[in-house]
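*Asks:* Starting off with a structure, shown below.
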Amino acid sequence: MKRILAIASLVFAIKVFLASLTAWSYEFIFLAKAASIKFEETKLNAAPWVKLENMLYKLWLTLPINHPSLDKWLIRLEVFPEGFEGFLLIFLFKFPILILDVLCGVLIYKIAKVFDESKALTALMVWLLNPYVLLTAEMIGSNDLVLVFLVLLSIWLILKGKNFLSCFPLMVGIAFKFYSILATPILAIYMFKKGLKKELMALTLSVAFGIFLYSFWLEKAGLNFAYTLLNYSPLTFQVSEMFLSQYTARVGLSVTSATAYAFLIFNYWKNDKA
C-alpha cells in the first residue's frame, strides 16, 4: 500500500508540474482570456467554468507578487507566460482540474472495490497513469473532468443505495455541459429494472431541470442551444458551449469515460448485485 501511495504521489507531482508548464492549447488560452482580461466584455462570463476561473484570476491579483501583462500571451500569442508569476497563474487556472483528477481517482477506487476489492488499486493506477487523462486534462486544460466526476458520483451513490440522490449530480452535469446526458439512459434502465419508480421520476425531472439550466446560461452567453445540437455530435466532437471550433474535433474525455462507467453499471445491473 505504501508503494502505491508513493507512486500515486509521484504521478500527481508530475501532473502538477506539467499542468503549470503547458499553456498553449486553444482551449486553455480561450478560457484563460475569457476568465481574465476579457471577462467584463465577453458574454461567456455567464459560463460556470469561466466564473470559477475568474475567481482564481482575482485571487492571483490579490497575491503580493508582480502581475505582468497577459496581452502578449493571451492576445498576441507571442510569448509564453514569463517568470514565477505566470506559472503560478497557469497553476491556479488548472488547480480545479487537478483536484477533480484526484477525486475521480478516489471514486474509481471505491466503485471498483464494490465489484472486486482485489482490483481496486489496479483501477486507480490505470486512471492515474492514463496518458490520455494527463494530455487532455492537465496539459490541454479541458474541463471535461467535471462531467467525469459527476457521472462517477452518480454511480457511486447508486452503488451505496442512494438512488434518489444519484439524480442530482447528473442534473448538475447536464447544466454544466449537455453531453453528460449520455449517462441518463444507463441510470434510467437500472432504476427501471429495480422497480424504482419514484427515483426514475426524480431522474426524469432532474434531467429536465438540468437541460433548462444549461439552456438558460447558454442563452446568457449569447450561444444558440439548437445550433449546438444540430452541428455537434458528442460521439465525434468534443461538444462544448464554449469551443465551437474545428480544432476541437476529437472524442471528449467525458464520452470515453462515461462509456466505460456505463459498462460497469450494465454489469452491475446484469448480475443483479444490488
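Following the order of the C-alpha cells, first chain is A, next is B, and so on, with residues numbered from 1 inside each chain and ligands from 1 in the order they appear.
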Within 9 Å of Phe209 of chain A, counting only C-alpha atoms, which residues qualify if same-chain residues fewer than 5 places away don't, as a list in words?

*Replies:* Met171, Ile174, Ala175, Thr204 and Tyr214 of chain A

*Asks:* Using backbone DSSP assignments, extract all alpha helix (DSSP H) residues from segment 71-212 of chain A; output them as a PyMOL selection string.

*Replies:* chain A and resi 71-74+83-115+120-128+131-133+145-159+167-176+184-193+197-212

*Asks:* Would you export the selected residues with C-alpha atoms as a tab-separated table (two decimals), in the first residue's frame, please?

*Replies:*
chain	number	residue	atom	x	y	z
A	71	ASP	CA	-1.60	40.59	-23.59
A	72	LYS	CA	1.45	39.06	-25.25
A	73	TRP	CA	0.34	35.61	-24.16
A	74	LEU	CA	-3.44	35.70	-24.50
A	83	GLY	CA	8.53	34.09	-14.62
A	84	PHE	CA	7.15	32.50	-11.49
A	85	GLU	CA	4.06	34.72	-11.55
A	86	GLY	CA	2.98	33.43	-14.96
A	87	PHE	CA	3.45	29.80	-13.99
A	88	LEU	CA	1.54	30.41	-10.77
A	89	LEU	CA	-1.41	31.80	-12.74
A	90	ILE	CA	-1.42	28.76	-15.01
A	91	PHE	CA	-1.35	26.51	-11.95
A	92	LEU	CA	-4.27	28.37	-10.37
A	93	PHE	CA	-6.31	28.12	-13.57
A	94	LYS	CA	-5.71	24.36	-13.65
A	95	PHE	CA	-5.98	23.75	-9.91
A	96	PRO	CA	-9.67	22.68	-10.11
A	97	ILE	CA	-8.73	20.17	-12.81
A	98	LEU	CA	-6.02	18.68	-10.59
A	99	ILE	CA	-8.45	18.36	-7.68
A	100	LEU	CA	-11.07	16.75	-9.91
A	101	ASP	CA	-8.46	14.30	-11.20
A	102	VAL	CA	-7.79	13.15	-7.63
A	103	LEU	CA	-11.49	12.96	-6.78
A	104	CYS	CA	-12.18	10.89	-9.90
A	105	GLY	CA	-9.42	8.52	-8.86
A	106	VAL	CA	-10.92	8.14	-5.39
A	107	LEU	CA	-14.37	7.39	-6.80
A	108	ILE	CA	-12.97	4.92	-9.33
A	109	TYR	CA	-11.20	3.12	-6.48
A	110	LYS	CA	-14.40	2.97	-4.42
A	111	ILE	CA	-16.53	1.81	-7.35
A	112	ALA	CA	-14.04	-0.87	-8.38
A	113	LYS	CA	-13.83	-2.03	-4.76
A	114	VAL	CA	-17.55	-2.82	-4.82
A	115	PHE	CA	-17.10	-5.18	-7.76
A	120	ALA	CA	-9.49	-1.61	-6.84
A	121	LEU	CA	-5.87	-0.42	-6.67
A	122	THR	CA	-5.31	-1.55	-10.25
A	123	ALA	CA	-8.29	0.51	-11.38
A	124	LEU	CA	-6.93	3.52	-9.50
A	125	MET	CA	-3.50	3.20	-11.08
A	126	VAL	CA	-4.99	2.78	-14.55
A	127	TRP	CA	-6.70	6.12	-14.05
A	128	LEU	CA	-3.70	7.92	-12.58
A	131	PRO	CA	-1.75	9.36	-20.61
A	132	TYR	CA	-4.99	10.49	-22.27
A	133	VAL	CA	-6.22	11.99	-19.00
A	145	LEU	CA	-13.24	16.06	-15.68
A	146	VAL	CA	-16.16	17.94	-14.16
A	147	LEU	CA	-18.51	15.66	-16.08
A	148	VAL	CA	-16.47	12.55	-15.35
A	149	PHE	CA	-16.57	13.32	-11.63
A	150	LEU	CA	-20.32	13.94	-11.60
A	151	VAL	CA	-21.08	10.75	-13.54
A	152	LEU	CA	-18.85	8.77	-11.20
A	153	LEU	CA	-20.55	10.35	-8.20
A	154	SER	CA	-23.97	9.33	-9.54
A	155	ILE	CA	-22.73	5.76	-9.98
A	156	TRP	CA	-21.21	5.70	-6.51
A	157	LEU	CA	-24.44	6.92	-4.92
A	158	ILE	CA	-26.38	4.20	-6.72
A	159	LEU	CA	-23.96	1.55	-5.52
A	167	CYS	CA	-30.07	12.08	-9.79
A	168	PHE	CA	-28.65	15.39	-8.64
A	169	PRO	CA	-25.00	15.07	-9.73
A	170	LEU	CA	-26.27	14.19	-13.19
A	171	MET	CA	-28.52	17.24	-13.18
A	172	VAL	CA	-25.55	19.46	-12.33
A	173	GLY	CA	-23.50	17.78	-15.05
A	174	ILE	CA	-26.15	18.43	-17.70
A	175	ALA	CA	-26.44	22.04	-16.57
A	176	PHE	CA	-22.67	22.41	-16.93
A	184	THR	CA	-29.06	9.15	-18.34
A	185	PRO	CA	-30.25	6.02	-20.23
A	186	ILE	CA	-27.93	3.82	-18.18
A	187	LEU	CA	-29.26	5.12	-14.88
A	188	ALA	CA	-32.83	5.01	-16.16
A	189	ILE	CA	-32.54	1.37	-17.26
A	190	TYR	CA	-31.04	0.44	-13.91
A	191	MET	CA	-33.84	2.14	-11.97
A	192	PHE	CA	-36.50	0.61	-14.21
A	193	LYS	CA	-35.12	-2.90	-13.73
A	197	LYS	CA	-40.47	4.29	-9.94
A	198	LYS	CA	-40.12	7.33	-7.67
A	199	GLU	CA	-36.39	7.53	-8.29
A	200	LEU	CA	-36.97	7.18	-12.04
A	201	MET	CA	-39.39	10.10	-11.90
A	202	ALA	CA	-36.84	12.11	-9.92
A	203	LEU	CA	-34.22	11.29	-12.55
A	204	THR	CA	-36.53	12.49	-15.33
A	205	LEU	CA	-37.27	15.76	-13.53
A	206	SER	CA	-33.59	16.27	-12.71
A	207	VAL	CA	-32.59	15.82	-16.35
A	208	ALA	CA	-35.32	18.22	-17.48
A	209	PHE	CA	-34.20	20.84	-14.96
A	210	GLY	CA	-30.57	20.34	-15.96
A	211	ILE	CA	-31.48	20.98	-19.60
A	212	PHE	CA	-33.33	24.13	-18.55

*Asks:* What does the structure give for the distance between atom CA of Ser180 of chain A and atom CA of Glu41 of chain A, in Å to one decimal?

*Replies:*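 According to the coordinates, atom CA of Ser180 of chain A and atom CA of Glu41 of chain A are separated by 28.9 Å.
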